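One structure below.
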Amino acid sequence: MDDIDASVRALYQDGITARKGAFSRDWVENLREDMMTAFWEAIQRPGGAVGRGPRRWYVEAHPQAFRGFVDLVTHPWITAMCEAVLGPDYEIVEIGLDVPFQGAQYQPWHRDFPSPRESYEERRITSLAFNLTGVDVTPDMGPLEVAHGTQWEEGRDWKGGMFPPETEAARYNALAVRKFPQAGDVSCRSALTIHRGTAHGSPICRPVLVLGVDAPGAGHAALHDVTVTPDFHAALPQGVRRHLVCRVVDKLVPIVQKHQIEGLVMGAKA
Ligand SMILES: O=C(O)CCC(=O)C(=O)O
C-alpha cells in the first residue's frame, strides 16, 4: 500500500506517475501485435482512425481486440490507482491507441479535454489515462513530453479549453520531462496534465495503448461507446463487468471515431 500512496502522491504533484515492469515482455509483444492489427484495420476505413498530427493517428478499439484486456484492467497497480484516485465505483470508459510513425511532428502543448471545476477549484482528479508503450522508447522515437505539475491549471480561456496560448510555450518547455518507458511499464496521468508528442525520426513506429478511466459523474463515457459481445461480457470477471461501461451487442461493428481534435490535426512547431 505504501507503493500506492507514493504513486498517488507523485500523481498529485507531477500530474503523472508510473509503475516500471508491470507486465512481461511477452505480454507486451502480444499487446503490440494487437495494437498494430487494430491500427491497420482502422486506417483502411473512412473514419476508422483520426489524425493527431502528421503521421500520427488515434484509434479507439474494442476491448476484445486485446488478448490481454482482462490482465490489463485487473492489474493490481492499475486497479489500486483507480480506486485510490477515482473511488470504488470507477468507470472504464475508453480503450484505444495512439501511433506516431517516422515523420510525426511536435504536437502543440495540450490536455485531453477541458478541466472540470472539481479539478481547477478543488484539486480533485476525476479522470485518469493509463498509457502502455508497445516498444522500448528511444530518443529518436518522438517520446511523449509532459509538463509536470500543470494538471491544476484552469485553462477555461484556452482554445477548446485544451490548448494553452503560444505565449505559455516557453514555460511548458521549461517544465517538460521526456518519457522513455520500456515495454512492460505503465504510466498513469491526469488527462489534464499538459503534454505533447515530439518529432519522430525513427523508422520504428511507437504504438501506445490509452486506457481512460473516470470517477462516477465525470461524463466521458458519453463521448465513447464501448461495445462487447455477449460471450466476451459473460466471460469477464465480475469485478471487471462492474467497472466497464459498455453496451453488449450481438455483433461488433467497426468503430467510427467520434471526436476529432482539430487542434492536433496539423501538428505544431517545437
Ligand atoms: O504519446 C504517448 O506516449 C501518449 C499519447 C497519448 O495518450 C496522448 O497524447 O494523449
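The chains in the C-alpha cells are called A, B, ... from first to last as shown; in each chain the residues are counted from 1, and the ligands are counted from 1 in the order shown.
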Q.
Applying 8 Å and only C-alpha atoms, which residues near segment 187-199 of chain A remain after dropping the ones on its own chain fewer than 6 positions away? List them as a PyMOL selection string.
A. chain A and resi 11+15-19+103-115+125+127-132+140-152+172+270
message: Can you tell me which residues surround segment 93-99 of chain A at a distance of at most 9 Å, considering only C-alpha atoms, apart from same-chain residues fewer than 6 positions away, and format the answer as a PyMOL selection string?
response: chain A and resi 35-36+38-39+52+55-63+131+205-214+220-226+243-246
Check: Using only C-alpha atoms and all ligand atoms, which of A:Asp34, A:Glu41, A:Asp185, A:Glu154 sits nearest ligand 1?
Finding: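 Residue with the minimum atom-to-atom distance to ligand 1: A:Asp185.
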Excluding Thr74 of chain A and its own-chain neighbours fewer than 4 positions away, which residues fall within 12 Å of it when counting only C-alpha atoms? Please give them as a PyMOL selection string. chain A and resi 22-23+68-70+78-83+92+236-244
Among A:Asp136, A:Glu153, A:Glu168, A:Asp250, ligand 1 is approached most closely, using only C-alpha atoms and all ligand atoms, by A:Asp136
Please give the complete set of residues from segment 88-259 of chain A that DSSP, run on the backbone, assigns to alpha helix (DSSP H), formatted as a PDB file with all heavy atoms, in the first residue's frame.
ATOM      1  N   ARG A 117     -14.527  21.877 -13.027  1.00  0.00           N
ATOM      2  CA  ARG A 117     -14.386  22.714 -11.839  1.00  0.00           C
ATOM      3  C   ARG A 117     -13.753  21.945 -10.670  1.00  0.00           C
ATOM      4  O   ARG A 117     -12.943  22.461  -9.921  1.00  0.00           O
ATOM      5  CB  ARG A 117     -15.787  23.229 -11.449  1.00  0.00           C
ATOM      6  CG  ARG A 117     -15.812  24.352 -10.447  1.00  0.00           C
ATOM      7  CD  ARG A 117     -17.231  24.639  -9.970  1.00  0.00           C
ATOM      8  NE  ARG A 117     -17.961  23.418  -9.629  1.00  0.00           N
ATOM      9  CZ  ARG A 117     -17.746  22.694  -8.527  1.00  0.00           C
ATOM     10  NH1 ARG A 117     -16.879  23.087  -7.638  1.00  0.00           N
ATOM     11  NH2 ARG A 117     -18.430  21.578  -8.318  1.00  0.00           N
ATOM     12  N   GLU A 118     -14.117  20.658 -10.534  1.00  0.00           N
ATOM     13  CA  GLU A 118     -13.575  19.849  -9.426  1.00  0.00           C
ATOM     14  C   GLU A 118     -12.043  19.836  -9.449  1.00  0.00           C
ATOM     15  O   GLU A 118     -11.406  19.726  -8.410  1.00  0.00           O
ATOM     16  CB  GLU A 118     -14.042  18.382  -9.524  1.00  0.00           C
ATOM     17  CG  GLU A 118     -15.506  18.162  -9.267  1.00  0.00           C
ATOM     18  CD  GLU A 118     -16.363  18.417 -10.492  1.00  0.00           C
ATOM     19  OE1 GLU A 118     -15.848  18.933 -11.516  1.00  0.00           O
ATOM     20  OE2 GLU A 118     -17.569  18.122 -10.430  1.00  0.00           O
ATOM     21  N   SER A 119     -11.476  19.936 -10.644  1.00  0.00           N
ATOM     22  CA  SER A 119     -10.010  19.872 -10.731  1.00  0.00           C
ATOM     23  C   SER A 119      -9.382  21.239 -10.500  1.00  0.00           C
ATOM     24  O   SER A 119      -8.495  21.387  -9.667  1.00  0.00           O
ATOM     25  CB  SER A 119      -9.571  19.294 -12.078  1.00  0.00           C
ATOM     26  OG  SER A 119     -10.012  17.960 -12.185  1.00  0.00           O
ATOM     27  N   TYR A 120      -9.851  22.261 -11.233  1.00  0.00           N
ATOM     28  CA  TYR A 120      -9.136  23.541 -11.081  1.00  0.00           C
ATOM     29  C   TYR A 120      -9.508  24.267  -9.797  1.00  0.00           C
ATOM     30  O   TYR A 120      -8.739  25.069  -9.302  1.00  0.00           O
ATOM     31  CB  TYR A 120      -9.265  24.436 -12.323  1.00  0.00           C
ATOM     32  CG  TYR A 120     -10.646  24.905 -12.699  1.00  0.00           C
ATOM     33  CD1 TYR A 120     -11.271  25.943 -12.014  1.00  0.00           C
ATOM     34  CD2 TYR A 120     -11.309  24.333 -13.771  1.00  0.00           C
ATOM     35  CE1 TYR A 120     -12.530  26.382 -12.377  1.00  0.00           C
ATOM     36  CE2 TYR A 120     -12.568  24.758 -14.139  1.00  0.00           C
ATOM     37  CZ  TYR A 120     -13.186  25.781 -13.440  1.00  0.00           C
ATOM     38  OH  TYR A 120     -14.424  26.209 -13.797  1.00  0.00           O
ATOM     39  N   ALA A 169       4.222  28.660 -24.116  1.00  0.00           N
ATOM     40  CA  ALA A 169       5.035  27.513 -24.552  1.00  0.00           C
ATOM     41  C   ALA A 169       6.388  27.455 -23.840  1.00  0.00           C
ATOM     42  O   ALA A 169       6.835  26.372 -23.436  1.00  0.00           O
ATOM     43  CB  ALA A 169       5.233  27.556 -26.069  1.00  0.00           C
ATOM     44  N   ALA A 170       7.022  28.606 -23.637  1.00  0.00           N
ATOM     45  CA  ALA A 170       8.357  28.593 -23.020  1.00  0.00           C
ATOM     46  C   ALA A 170       8.258  28.052 -21.593  1.00  0.00           C
ATOM     47  O   ALA A 170       9.142  27.304 -21.130  1.00  0.00           O
ATOM     48  CB  ALA A 170       8.940  30.002 -23.019  1.00  0.00           C
ATOM     49  N   ARG A 171       7.184  28.408 -20.898  1.00  0.00           N
ATOM     50  CA  ARG A 171       7.005  27.911 -19.529  1.00  0.00           C
ATOM     51  C   ARG A 171       6.849  26.383 -19.538  1.00  0.00           C
ATOM     52  O   ARG A 171       7.459  25.677 -18.748  1.00  0.00           O
ATOM     53  CB  ARG A 171       5.769  28.579 -18.903  1.00  0.00           C
ATOM     54  CG  ARG A 171       5.591  28.296 -17.440  1.00  0.00           C
ATOM     55  CD  ARG A 171       4.569  29.235 -16.826  1.00  0.00           C
ATOM     56  NE  ARG A 171       3.223  29.052 -17.360  1.00  0.00           N
ATOM     57  CZ  ARG A 171       2.382  28.105 -16.940  1.00  0.00           C
ATOM     58  NH1 ARG A 171       2.749  27.268 -15.993  1.00  0.00           N
ATOM     59  NH2 ARG A 171       1.167  28.004 -17.469  1.00  0.00           N
ATOM     60  N   TYR A 172       6.039  25.861 -20.484  1.00  0.00           N
ATOM     61  CA  TYR A 172       5.882  24.399 -20.551  1.00  0.00           C
ATOM     62  C   TYR A 172       7.177  23.721 -20.979  1.00  0.00           C
ATOM     63  O   TYR A 172       7.507  22.652 -20.468  1.00  0.00           O
ATOM     64  CB  TYR A 172       4.724  24.021 -21.488  1.00  0.00           C
ATOM     65  CG  TYR A 172       3.391  24.496 -20.985  1.00  0.00           C
ATOM     66  CD1 TYR A 172       2.555  25.279 -21.777  1.00  0.00           C
ATOM     67  CD2 TYR A 172       2.974  24.198 -19.695  1.00  0.00           C
ATOM     68  CE1 TYR A 172       1.349  25.739 -21.293  1.00  0.00           C
ATOM     69  CE2 TYR A 172       1.772  24.654 -19.201  1.00  0.00           C
ATOM     70  CZ  TYR A 172       0.958  25.422 -20.008  1.00  0.00           C
ATOM     71  OH  TYR A 172      -0.221  25.884 -19.522  1.00  0.00           O
ATOM     72  N   ASN A 173       7.901  24.361 -21.889  1.00  0.00           N
ATOM     73  CA  ASN A 173       9.185  23.775 -22.309  1.00  0.00           C
ATOM     74  C   ASN A 173      10.107  23.604 -21.094  1.00  0.00           C
ATOM     75  O   ASN A 173      10.828  22.614 -20.979  1.00  0.00           O
ATOM     76  CB  ASN A 173       9.885  24.653 -23.350  1.00  0.00           C
ATOM     77  CG  ASN A 173       9.140  24.682 -24.676  1.00  0.00           C
ATOM     78  OD1 ASN A 173       8.215  23.910 -24.885  1.00  0.00           O
ATOM     79  ND2 ASN A 173       9.539  25.583 -25.563  1.00  0.00           N
ATOM     80  N   ALA A 174      10.047  24.580 -20.182  1.00  0.00           N
ATOM     81  CA  ALA A 174      10.919  24.518 -19.009  1.00  0.00           C
ATOM     82  C   ALA A 174      10.465  23.422 -18.032  1.00  0.00           C
ATOM     83  O   ALA A 174      11.283  22.870 -17.290  1.00  0.00           O
ATOM     84  CB  ALA A 174      10.939  25.879 -18.315  1.00  0.00           C
ATOM     85  N   LEU A 175       9.173  23.120 -18.030  1.00  0.00           N
ATOM     86  CA  LEU A 175       8.657  22.093 -17.108  1.00  0.00           C
ATOM     87  C   LEU A 175       8.697  20.695 -17.724  1.00  0.00           C
ATOM     88  O   LEU A 175       8.421  19.705 -17.049  1.00  0.00           O
ATOM     89  CB  LEU A 175       7.188  22.411 -16.761  1.00  0.00           C
ATOM     90  CG  LEU A 175       6.904  23.674 -15.951  1.00  0.00           C
ATOM     91  CD1 LEU A 175       5.396  23.947 -15.922  1.00  0.00           C
ATOM     92  CD2 LEU A 175       7.437  23.513 -14.531  1.00  0.00           C
ATOM     93  N   PRO A 230     -21.782 -10.695 -26.254  1.00  0.00           N
ATOM     94  CA  PRO A 230     -22.305 -11.367 -25.052  1.00  0.00           C
ATOM     95  C   PRO A 230     -21.332 -12.389 -24.459  1.00  0.00           C
ATOM     96  O   PRO A 230     -21.171 -12.459 -23.236  1.00  0.00           O
ATOM     97  CB  PRO A 230     -23.578 -12.068 -25.555  1.00  0.00           C
ATOM     98  CG  PRO A 230     -23.987 -11.300 -26.763  1.00  0.00           C
ATOM     99  CD  PRO A 230     -22.728 -10.783 -27.388  1.00  0.00           C
ATOM    100  N   ASP A 231     -20.660 -13.182 -25.313  1.00  0.00           N
ATOM    101  CA  ASP A 231     -19.758 -14.204 -24.765  1.00  0.00           C
ATOM    102  C   ASP A 231     -18.559 -13.560 -24.066  1.00  0.00           C
ATOM    103  O   ASP A 231     -18.154 -13.973 -22.975  1.00  0.00           O
ATOM    104  CB  ASP A 231     -19.306 -15.190 -25.862  1.00  0.00           C
ATOM    105  CG  ASP A 231     -18.740 -14.464 -27.085  1.00  0.00           C
ATOM    106  OD1 ASP A 231     -19.093 -13.279 -27.303  1.00  0.00           O
ATOM    107  OD2 ASP A 231     -17.929 -15.069 -27.816  1.00  0.00           O
ATOM    108  N   PHE A 232     -18.027 -12.494 -24.649  1.00  0.00           N
ATOM    109  CA  PHE A 232     -16.901 -11.786 -24.028  1.00  0.00           C
ATOM    110  C   PHE A 232     -17.352 -11.185 -22.690  1.00  0.00           C
ATOM    111  O   PHE A 232     -16.677 -11.306 -21.679  1.00  0.00           O
ATOM    112  CB  PHE A 232     -16.400 -10.687 -24.970  1.00  0.00           C
ATOM    113  CG  PHE A 232     -15.226  -9.909 -24.440  1.00  0.00           C
ATOM    114  CD1 PHE A 232     -13.933 -10.415 -24.548  1.00  0.00           C
ATOM    115  CD2 PHE A 232     -15.403  -8.673 -23.827  1.00  0.00           C
ATOM    116  CE1 PHE A 232     -12.840  -9.698 -24.067  1.00  0.00           C
ATOM    117  CE2 PHE A 232     -14.320  -7.954 -23.337  1.00  0.00           C
ATOM    118  CZ  PHE A 232     -13.036  -8.463 -23.464  1.00  0.00           C
ATOM    119  N   HIS A 233     -18.524 -10.577 -22.695  1.00  0.00           N
ATOM    120  CA  HIS A 233     -19.045  -9.939 -21.482  1.00  0.00           C
ATOM    121  C   HIS A 233     -19.246 -10.979 -20.382  1.00  0.00           C
ATOM    122  O   HIS A 233     -18.845 -10.770 -19.227  1.00  0.00           O
ATOM    123  CB  HIS A 233     -20.373  -9.237 -21.805  1.00  0.00           C
ATOM    124  CG  HIS A 233     -20.794  -8.274 -20.741  1.00  0.00           C
ATOM    125  ND1 HIS A 233     -21.930  -8.452 -19.989  1.00  0.00           N
ATOM    126  CD2 HIS A 233     -20.219  -7.122 -20.290  1.00  0.00           C
ATOM    127  CE1 HIS A 233     -22.046  -7.448 -19.135  1.00  0.00           C
ATOM    128  NE2 HIS A 233     -21.033  -6.629 -19.299  1.00  0.00           N
ATOM    129  N   ALA A 234     -19.841 -12.122 -20.757  1.00  0.00           N
ATOM    130  CA  ALA A 234     -20.128 -13.163 -19.758  1.00  0.00           C
ATOM    131  C   ALA A 234     -18.842 -13.733 -19.167  1.00  0.00           C
ATOM    132  O   ALA A 234     -18.815 -14.135 -18.005  1.00  0.00           O
ATOM    133  CB  ALA A 234     -20.958 -14.271 -20.399  1.00  0.00           C
ATOM    134  N   ALA A 235     -17.778 -13.748 -19.970  1.00  0.00           N
ATOM    135  CA  ALA A 235     -16.517 -14.348 -19.503  1.00  0.00           C
ATOM    136  C   ALA A 235     -15.685 -13.371 -18.661  1.00  0.00           C
ATOM    137  O   ALA A 235     -14.685 -13.767 -18.057  1.00  0.00           O
ATOM    138  CB  ALA A 235     -15.705 -14.829 -20.703  1.00  0.00           C
ATOM    139  N   GLN A 238     -16.369 -10.730 -12.637  1.00  0.00           N
ATOM    140  CA  GLN A 238     -17.441  -9.854 -12.125  1.00  0.00           C
ATOM    141  C   GLN A 238     -16.913  -8.436 -11.830  1.00  0.00           C
ATOM    142  O   GLN A 238     -17.548  -7.435 -12.151  1.00  0.00           O
ATOM    143  CB  GLN A 238     -18.036 -10.525 -10.876  1.00  0.00           C
ATOM    144  CG  GLN A 238     -18.907  -9.644  -9.994  1.00  0.00           C
ATOM    145  CD  GLN A 238     -20.104  -9.065 -10.738  1.00  0.00           C
ATOM    146  OE1 GLN A 238     -20.535  -9.603 -11.768  1.00  0.00           O
ATOM    147  NE2 GLN A 238     -20.611  -7.952 -10.237  1.00  0.00           N
ATOM    148  N   GLY A 239     -15.711  -8.365 -11.246  1.00  0.00           N
ATOM    149  CA  GLY A 239     -15.142  -7.063 -10.892  1.00  0.00           C
ATOM    150  C   GLY A 239     -14.892  -6.189 -12.113  1.00  0.00           C
ATOM    151  O   GLY A 239     -14.965  -4.958 -12.038  1.00  0.00           O
ATOM    152  N   VAL A 240     -14.606  -6.809 -13.239  1.00  0.00           N
ATOM    153  CA  VAL A 240     -14.381  -6.025 -14.465  1.00  0.00           C
ATOM    154  C   VAL A 240     -15.723  -5.585 -15.040  1.00  0.00           C
ATOM    155  O   VAL A 240     -15.901  -4.430 -15.441  1.00  0.00           O
ATOM    156  CB  VAL A 240     -13.569  -6.843 -15.500  1.00  0.00           C
ATOM    157  CG1 VAL A 240     -13.442  -6.083 -16.815  1.00  0.00           C
ATOM    158  CG2 VAL A 240     -12.199  -7.201 -14.941  1.00  0.00           C
ATOM    159  N   ARG A 241     -16.680  -6.513 -15.048  1.00  0.00           N
ATOM    160  CA  ARG A 241     -18.029  -6.150 -15.570  1.00  0.00           C
ATOM    161  C   ARG A 241     -18.581  -4.941 -14.835  1.00  0.00           C
ATOM    162  O   ARG A 241     -19.224  -4.081 -15.410  1.00  0.00           O
ATOM    163  CB  ARG A 241     -18.987  -7.328 -15.405  1.00  0.00           C
ATOM    164  CG  ARG A 241     -18.963  -8.287 -16.576  1.00  0.00           C
ATOM    165  CD  ARG A 241     -20.274  -9.041 -16.675  1.00  0.00           C
ATOM    166  NE  ARG A 241     -20.518  -9.843 -15.489  1.00  0.00           N
ATOM    167  CZ  ARG A 241     -20.082 -11.088 -15.319  1.00  0.00           C
ATOM    168  NH1 ARG A 241     -19.399 -11.671 -16.285  1.00  0.00           N
ATOM    169  NH2 ARG A 241     -20.341 -11.737 -14.216  1.00  0.00           N
ATOM    170  N   ARG A 242     -18.292  -4.898 -13.523  1.00  0.00           N
ATOM    171  CA  ARG A 242     -18.822  -3.807 -12.699  1.00  0.00           C
ATOM    172  C   ARG A 242     -18.245  -2.442 -13.121  1.00  0.00           C
ATOM    173  O   ARG A 242     -18.920  -1.426 -13.011  1.00  0.00           O
ATOM    174  CB  ARG A 242     -18.434  -4.091 -11.241  1.00  0.00           C
ATOM    175  CG  ARG A 242     -19.106  -3.251 -10.225  1.00  0.00           C
ATOM    176  CD  ARG A 242     -18.941  -3.911  -8.859  1.00  0.00           C
ATOM    177  NE  ARG A 242     -17.768  -3.435  -8.147  1.00  0.00           N
ATOM    178  CZ  ARG A 242     -17.681  -2.238  -7.592  1.00  0.00           C
ATOM    179  NH1 ARG A 242     -18.672  -1.390  -7.684  1.00  0.00           N
ATOM    180  NH2 ARG A 242     -16.587  -1.880  -6.947  1.00  0.00           N
ATOM    181  N   HIS A 243     -17.015  -2.442 -13.602  1.00  0.00           N
ATOM    182  CA  HIS A 243     -16.367  -1.155 -13.897  1.00  0.00           C
ATOM    183  C   HIS A 243     -16.406  -0.767 -15.366  1.00  0.00           C
ATOM    184  O   HIS A 243     -16.212   0.405 -15.696  1.00  0.00           O
ATOM    185  CB  HIS A 243     -14.900  -1.199 -13.446  1.00  0.00           C
ATOM    186  CG  HIS A 243     -14.740  -1.285 -11.960  1.00  0.00           C
ATOM    187  ND1 HIS A 243     -15.100  -0.263 -11.117  1.00  0.00           N
ATOM    188  CD2 HIS A 243     -14.288  -2.288 -11.160  1.00  0.00           C
ATOM    189  CE1 HIS A 243     -14.858  -0.618  -9.863  1.00  0.00           C
ATOM    190  NE2 HIS A 243     -14.373  -1.843  -9.862  1.00  0.00           N
TER     191      HIS A 243
END
For ligand 1, which residue out of A:Lys258, A:Gly219, A:Thr133, A:Asp157 is the nearest one, using only C-alpha atoms and all ligand atoms?
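Among the listed residues, A:Thr133 lies closest to ligand 1.
Nearest residue to ligand 1, choosing from A:Gly53, A:Gly217, A:Ser202, A:Ala65 and counting only C-alpha atoms and all ligand atoms: A:Gly53.
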